$ cat final07.txt   # compact mmCIF, C-alpha atoms and all ligand atoms
# COMPACT_ATOMS: atom_id res chain seq x y z
CA MET A 1 -96.55 247.47 63.02
CA SER A 2 -96.97 246.76 66.68
CA HIS A 3 -94.11 246.27 69.10
CA ALA A 4 -96.43 245.52 71.97
CA ALA A 5 -94.99 242.03 72.45
CA PRO A 6 -91.49 242.32 71.00
CA TYR A 7 -90.17 239.29 72.85
CA ALA A 8 -92.76 236.82 71.63
CA ALA A 9 -90.83 234.25 69.64
CA SER A 10 -93.51 233.61 67.07
CA GLY A 11 -93.98 235.19 63.67
CA GLY A 12 -91.05 235.80 61.34
CA GLY A 13 -91.30 239.20 59.70
CA GLU A 14 -91.04 241.48 62.69
CA LEU A 15 -88.13 239.65 64.26
CA ALA A 16 -84.60 240.02 62.94
CA ALA A 17 -83.44 237.11 65.08
CA ARG A 18 -84.91 234.77 67.64
CA VAL A 19 -83.99 231.97 69.97
CA GLU A 20 -86.42 229.24 71.00
CA ASN A 21 -85.90 227.06 74.07
CA VAL A 22 -82.17 227.63 73.89
CA THR A 23 -79.95 225.97 76.46
CA LYS A 24 -76.19 226.35 76.45
CA SER A 25 -74.06 224.35 78.83
CA TYR A 26 -70.33 224.39 79.30
CA GLY A 27 -68.55 221.39 80.81
CA MET A 28 -70.04 218.06 81.87
CA GLY A 29 -71.37 216.37 85.02
CA ASP A 30 -70.49 218.16 88.26
CA ALA A 31 -68.56 220.79 86.32
CA GLU A 32 -71.53 221.67 84.09
CA VAL A 33 -72.36 225.37 83.91
CA ARG A 34 -75.71 226.17 82.35
CA ALA A 35 -75.01 229.58 80.82
CA LEU A 36 -78.43 229.73 79.12
CA ASP A 37 -81.40 227.89 80.57
CA ASN A 38 -84.29 227.39 78.14
CA VAL A 39 -84.30 230.94 76.75
CA THR A 40 -86.97 232.01 74.27
CA ALA A 41 -86.66 235.55 72.94
CA GLY A 42 -87.01 237.61 69.79
CA ILE A 43 -85.14 240.65 68.55
CA PRO A 44 -87.60 243.07 66.93
CA ARG A 45 -86.59 244.38 63.54
CA GLY A 46 -85.68 248.06 63.31
CA ARG A 47 -85.30 248.43 67.06
CA PHE A 48 -82.42 248.96 69.48
CA THR A 49 -82.41 246.21 72.13
CA ALA A 50 -80.08 246.18 75.13
CA ILE A 51 -79.23 243.02 77.07
CA MET A 52 -78.40 243.58 80.72
CA GLY A 53 -77.87 241.43 83.78
CA PRO A 54 -75.34 240.66 86.49
CA SER A 55 -71.88 239.35 85.64
CA GLY A 56 -72.10 235.71 84.56
CA SER A 57 -75.85 235.89 83.81
CA GLY A 58 -75.32 234.74 80.21
CA LYS A 59 -75.40 237.99 78.21
CA SER A 60 -72.37 237.30 76.04
CA THR A 61 -73.36 233.67 75.62
CA LEU A 62 -76.80 234.70 74.38
CA MET A 63 -75.32 237.18 71.95
CA HIS A 64 -72.72 234.68 70.68
CA CYS A 65 -75.39 232.01 70.17
CA MET A 66 -77.68 234.44 68.34
CA ALA A 67 -74.82 235.55 66.10
CA GLY A 68 -73.79 232.00 65.23
CA LEU A 69 -70.40 232.45 66.92
CA ASP A 70 -71.17 229.66 69.37
CA ALA A 71 -73.36 226.53 68.97
CA VAL A 72 -76.28 225.95 71.35
CA THR A 73 -76.60 222.75 73.40
CA SER A 74 -80.31 222.48 72.59
CA GLY A 75 -83.01 224.68 71.08
CA THR A 76 -83.07 226.69 67.87
CA VAL A 77 -81.66 230.02 66.71
CA PHE A 78 -82.97 231.94 63.73
CA VAL A 79 -81.45 234.92 61.97
CA GLY A 80 -84.30 236.19 59.82
CA ASP A 81 -85.91 232.97 58.65
CA VAL A 82 -82.72 230.94 58.59
CA GLU A 83 -82.20 228.37 61.31
CA LEU A 84 -78.50 228.36 62.15
CA SER A 85 -78.16 224.68 63.12
CA ARG A 86 -79.16 223.71 59.59
CA LEU A 87 -76.13 225.46 58.12
CA ASP A 88 -72.76 223.85 57.58
CA ASP A 89 -69.66 225.85 58.56
CA LYS A 90 -69.29 227.40 55.13
CA ARG A 91 -72.89 228.61 54.98
CA LEU A 92 -72.74 229.83 58.58
CA THR A 93 -69.62 231.86 57.78
CA ARG A 94 -71.36 233.33 54.75
CA LEU A 95 -74.47 234.19 56.77
CA ARG A 96 -72.34 235.95 59.41
CA ARG A 97 -70.54 237.86 56.69
CA ASP A 98 -73.65 238.85 54.75
CA LYS A 99 -76.32 239.31 57.40
CA ILE A 100 -74.58 240.20 60.65
CA GLY A 101 -72.47 243.15 61.74
CA PHE A 102 -70.32 243.13 64.87
CA VAL A 103 -69.05 245.90 67.13
CA PHE A 104 -66.80 244.83 70.00
CA GLN A 105 -65.39 246.60 73.03
CA ALA A 106 -61.95 246.57 71.39
CA PHE A 107 -62.37 248.47 68.15
CA ASN A 108 -60.51 245.84 66.07
CA LEU A 109 -59.46 248.26 63.36
CA VAL A 110 -56.53 247.54 61.04
CA PRO A 111 -53.86 250.10 62.04
CA THR A 112 -52.27 250.43 58.59
CA LEU A 113 -55.56 251.21 56.82
CA THR A 114 -57.38 254.55 56.70
CA ALA A 115 -60.79 255.00 58.29
CA LEU A 116 -62.49 254.58 54.91
CA GLU A 117 -60.47 251.47 54.07
CA ASN A 118 -61.39 249.98 57.44
CA ILE A 119 -65.07 250.71 56.82
CA THR A 120 -65.11 248.96 53.46
CA LEU A 121 -62.68 246.15 54.36
CA PRO A 122 -65.27 243.39 55.01
CA MET A 123 -66.93 244.13 51.68
CA ASP A 124 -63.56 244.29 49.91
CA ILE A 125 -62.69 240.86 51.34
CA ALA A 126 -66.07 239.51 50.25
CA GLY A 127 -65.55 240.98 46.78
CA ARG A 128 -68.67 243.11 47.07
CA LYS A 129 -69.00 246.65 45.85
CA PRO A 130 -70.41 249.01 48.46
CA ASP A 131 -73.66 250.79 47.66
CA GLN A 132 -72.16 254.28 47.39
CA ALA A 133 -75.30 256.19 48.36
CA TRP A 134 -75.71 254.04 51.45
CA LEU A 135 -72.03 254.34 52.35
CA ASP A 136 -72.27 258.14 52.06
CA ASN A 137 -75.30 258.07 54.30
CA VAL A 138 -73.47 255.97 56.91
CA ILE A 139 -70.37 258.16 56.80
CA ASP A 140 -72.42 261.33 57.25
CA THR A 141 -74.57 259.89 60.02
CA VAL A 142 -71.47 258.77 61.89
CA GLY A 143 -69.88 262.19 61.30
CA LEU A 144 -66.65 260.81 59.89
CA ARG A 145 -66.38 262.58 56.57
CA PRO A 146 -63.46 264.85 57.63
CA ARG A 147 -61.56 261.87 59.05
CA LEU A 148 -61.81 259.33 56.24
CA LYS A 149 -58.11 259.49 55.32
CA HIS A 150 -56.91 259.22 58.92
CA ARG A 151 -55.45 256.04 60.33
CA PRO A 152 -56.80 254.66 63.62
CA SER A 153 -53.82 256.03 65.61
CA GLU A 154 -54.79 259.55 64.44
CA LEU A 155 -58.35 259.17 65.75
CA SER A 156 -59.79 259.44 69.26
CA GLY A 157 -61.26 256.33 70.89
CA GLY A 158 -64.78 257.55 70.16
CA GLN A 159 -63.92 258.21 66.52
CA GLN A 160 -62.31 254.76 66.23
CA GLN A 161 -65.44 253.13 67.61
CA ARG A 162 -67.56 255.15 65.20
CA VAL A 163 -65.39 253.76 62.37
CA ALA A 164 -66.09 250.27 63.74
CA CYS A 165 -69.84 251.06 63.82
CA ALA A 166 -69.72 252.38 60.25
CA ARG A 167 -67.86 249.21 59.21
CA ALA A 168 -70.65 247.11 60.76
CA LEU A 169 -73.35 249.20 59.05
CA ALA A 170 -71.73 249.50 55.63
CA SER A 171 -73.07 246.23 54.25
CA ARG A 172 -76.61 246.87 55.61
CA PRO A 173 -76.66 243.74 57.75
CA GLU A 174 -79.90 242.21 58.96
CA ILE A 175 -78.73 242.76 62.52
CA ILE A 176 -75.79 244.31 64.38
CA PHE A 177 -74.50 242.79 67.61
CA ALA A 178 -72.58 245.20 69.83
CA ASP A 179 -70.75 243.74 72.83
CA GLU A 180 -70.00 246.48 75.40
CA PRO A 181 -69.32 248.96 72.56
CA THR A 182 -68.65 251.82 74.97
CA GLY A 183 -66.67 249.78 77.51
CA ASN A 184 -63.36 251.37 76.49
CA LEU A 185 -64.63 254.92 76.06
CA ASP A 186 -64.95 257.93 78.32
CA SER A 187 -68.53 259.00 78.92
CA ARG A 188 -68.54 261.74 76.26
CA SER A 189 -67.17 259.50 73.50
CA GLY A 190 -69.48 256.73 74.70
CA ALA A 191 -72.45 259.08 74.35
CA GLU A 192 -71.37 259.95 70.78
CA VAL A 193 -71.22 256.29 69.81
CA LEU A 194 -74.55 255.49 71.47
CA SER A 195 -76.25 258.46 69.80
CA PHE A 196 -74.94 257.22 66.50
CA LEU A 197 -76.17 253.67 67.11
CA ARG A 198 -79.56 255.02 68.07
CA SER A 199 -79.80 257.24 65.00
CA SER A 200 -78.83 254.32 62.75
CA VAL A 201 -81.87 252.52 64.18
CA ARG A 202 -84.22 255.52 63.98
CA GLU A 203 -83.07 256.96 60.67
CA MET A 204 -81.80 253.94 58.76
CA GLY A 205 -84.03 251.20 60.17
CA GLN A 206 -81.08 249.19 61.44
CA THR A 207 -81.63 246.44 64.04
CA ILE A 208 -79.13 246.52 66.92
CA VAL A 209 -78.60 244.29 69.93
CA MET A 210 -76.18 245.60 72.54
CA VAL A 211 -74.79 243.92 75.64
CA THR A 212 -73.94 246.46 78.30
CA HIS A 213 -73.31 246.82 82.03
CA ASP A 214 -74.08 250.51 81.97
CA PRO A 215 -77.65 251.71 82.73
CA ALA A 216 -76.89 255.02 80.98
CA ALA A 217 -75.97 253.09 77.82
CA ALA A 218 -79.08 250.89 78.07
CA ALA A 219 -81.19 254.07 78.21
CA TYR A 220 -80.37 254.68 74.54
CA ALA A 221 -82.16 251.45 73.62
CA ASP A 222 -85.85 251.01 72.81
CA GLU A 223 -86.08 247.85 74.91
CA VAL A 224 -84.02 246.18 77.59
CA MET A 225 -83.92 242.44 78.21
CA PHE A 226 -82.73 241.45 81.68
CA LEU A 227 -80.94 238.14 82.18
CA GLN A 228 -80.26 236.38 85.44
CA ASP A 229 -78.79 232.90 85.91
CA GLY A 230 -79.18 232.17 82.21
CA ARG A 231 -82.85 233.15 82.02
CA ILE A 232 -84.71 236.22 80.82
CA VAL A 233 -86.35 237.49 83.97
CA ASP A 234 -87.70 240.84 82.80
CA THR A 235 -88.02 243.28 79.90
CA MET A 236 -88.44 247.06 79.85
CA THR A 237 -89.69 249.30 77.05
CA GLY A 238 -88.65 252.96 76.93
CA PRO A 239 -85.87 252.60 79.52
CA THR A 240 -84.30 255.47 81.41
CA ALA A 241 -80.98 255.18 83.26
CA GLU A 242 -82.83 255.58 86.58
CA LYS A 243 -85.38 252.86 85.84
CA VAL A 244 -82.69 250.45 84.63
CA LEU A 245 -80.49 251.15 87.64
CA GLU A 246 -83.42 250.55 89.94
CA ARG A 247 -84.16 247.24 88.21
CA MET A 248 -80.51 246.18 88.37
CA LYS A 249 -80.41 246.85 92.12
CA GLY A 250 -83.01 244.10 92.51
CA PHE A 251 -80.46 241.58 91.20
CA GLU A 252 -77.97 242.42 93.90
CA LEU A 253 -80.29 241.51 96.75
CA PRO A 254 -80.29 237.77 97.46
CA GLY A 255 -83.74 236.26 97.12
CA VAL A 256 -85.16 239.11 95.05
CA VAL A 257 -85.98 237.64 91.65
CA SER A 258 -88.77 238.96 89.51
CA GLN A 259 -91.36 236.68 87.90
N1 LIG B 301 -66.10 228.93 77.50
C1 LIG B 301 -66.67 228.76 78.70
N2 LIG B 301 -66.40 227.68 79.45
C2 LIG B 301 -66.98 227.49 80.65
N3 LIG B 301 -67.87 228.34 81.20
C3 LIG B 301 -68.17 229.44 80.50
C4 LIG B 301 -67.60 229.72 79.22
N4 LIG B 301 -68.10 230.91 78.78
C5 LIG B 301 -68.96 231.35 79.73
N5 LIG B 301 -69.01 230.47 80.76
C6 LIG B 301 -69.85 230.59 81.96
O1 LIG B 301 -71.19 230.78 81.54
C7 LIG B 301 -71.84 231.74 82.38
C8 LIG B 301 -72.34 232.91 81.54
O2 LIG B 301 -71.22 233.60 81.01
P1 LIG B 301 -71.37 234.91 80.10
O3 LIG B 301 -69.99 235.33 79.69
O4 LIG B 301 -72.36 234.66 79.03
O5 LIG B 301 -71.99 235.94 81.13
P2 LIG B 301 -72.12 237.54 81.02
O6 LIG B 301 -73.45 237.88 81.56
O7 LIG B 301 -71.79 237.97 79.63
O8 LIG B 301 -70.98 237.97 82.04
P3 LIG B 301 -70.11 239.33 82.12
O9 LIG B 301 -71.09 240.43 82.35
O10 LIG B 301 -69.24 239.09 83.31
O11 LIG B 301 -69.35 239.45 80.84
C9 LIG B 301 -70.82 232.15 83.44
O12 LIG B 301 -71.05 231.36 84.58
C10 LIG B 301 -69.50 231.80 82.78
O13 LIG B 301 -68.53 231.50 83.77
$ encode --input "final07.txt" --output "structure tokens"
Amino acid sequence: MSHAAPYAASGGGELAARVENVTKSYGMGDAEVRALDNVTAGIPRGRFTAIMGPSGSGKSTLMHCMAGLDAVTSGTVFVGDVELSRLDDKRLTRLRRDKIGFVFQAFNLVPTLTALENITLPMDIAGRKPDQAWLDNVIDTVGLRPRLKHRPSELSGGQQQRVACARALASRPEIIFADEPTGNLDSRSGAEVLSFLRSSVREMGQTIVMVTHDPAAAAYADEVMFLQDGRIVDTMTGPTAEKVLERMKGFELPGVVSQ
């Protein structure tokens, strides 16, 4: 399987999600803000993709549109082979529940539940039995086995975010969207969480898309997609923190826009 052109929006099997000619505008007339401007991009299956770009460049909007949390103004969004605009609210909710995992900056754990109960909560709500072998695998990869009976308040920030990652992974979603997952963590805990996300891609074949401001975090990804003014202006394979930082500096200089 070749990843030579991971952002080509054609072909279904290798892409876990894709957007084609997606525009997203907020407001009307003079007040219109075009958060995404004719974006075409694909998320390669079994890879870790980071989305970077200056503040207001459309990163969160792109992620929310891809995850079916927000409707596009025009264009199409696919998760696997399913086009989201064809789904009614009920089917969209079911697709999000069954095919998509989320990790947010705020860990969003239920304080009264143990780590294990938090991990299995979405499946409990959906009335689905976890695949025990898979769950064991996730718990061991995330390194949480000794903490399963602890409540969130008894866990460090990094451990809480690892619970949130395990919760996202537990149902083996088609794709996980992580929005600034290390934004609330110190650098050591952040590194733990990023290592775990990366190993879930390498060892379990998970597909992850992560929005981040941090070049060091983006360096854990296989690919980086750079957004500016609602457009994808560059991509990078095999990023390092130095290379990403260097690329980001280009955005801060007026008039310097690649491609
Ligand atoms: N609900 C909304 N209503 C109006 N404008 C919005 C809304 N959400 C986002 N925008 C605008 O769309 C543009 C893209 O926003 P978005 O949050 O996607 O950027 P971002 O790259 O994620 O920014 P940041 O890094 O600061 O989080 C910005 O100009 C923003 O002000």
$ closest_atom_pairs --input "final07.txt" --of "range 175-241 of chain A" --to "range 149-156 of chain A" --cutoff "12 Å" --atoms "only C-alpha atoms" --output "CSV"
residue,atom,partner,partner_atom,distance
A:Asn184,CA,A:Ser156,CA,11.4
A:Leu185,CA,A:Ser156,CA,9.5
A:Asp186,CA,A:Ser156,CA,10.5
A:Arg188,CA,A:Ser156,CA,11.4
A:Ser189,CA,A:Ser156,CA,8.5
A:Gly190,CA,A:Ser156,CA,11.4
A:Glu192,CA,A:Ser156,CA,11.7
A:Val193,CA,A:Ser156,CA,11.9
$ closest_residue --input "final07.txt" --among "A:Asp222, A:Glu14, A:Glu203, A:Asp37" --to "ligand LIG 301 (chain B)" --atoms "all atoms listed in the file"
A:Asp37
$ residues_near_ligand --input "final07.txt" --ligand "ligand LIG 301 (chain B)" --cutoff "9 Å" --atoms "all atoms listed in the file" --output "number ranges by chain"
A: 24-27, 31-36, 51-64, 179-180, 211-213, 227-230
$ residues_around --input "final07.txt" --residues "Arg96 in chain A" --least-positions-apart "6" --cutoff "10 Å" --atoms "only C-alpha atoms" --output "VMD selection string"
chain A and resid 67 to 69 79 102 173 to 175
$ closest_residue --input "final07.txt" --among "A:Ala216, A:Leu144, A:Ile100, A:Ala106" --to "Leu169 in chain A" --atoms "all atoms listed in the file"
A:Ile100
$ closest_residue --input "final07.txt" --among "A:Asp140, A:Leu109, A:Ile125, A:Thr93" --to "Gly157 in chain A" --atoms "all atoms listed in the file"
A:Leu109
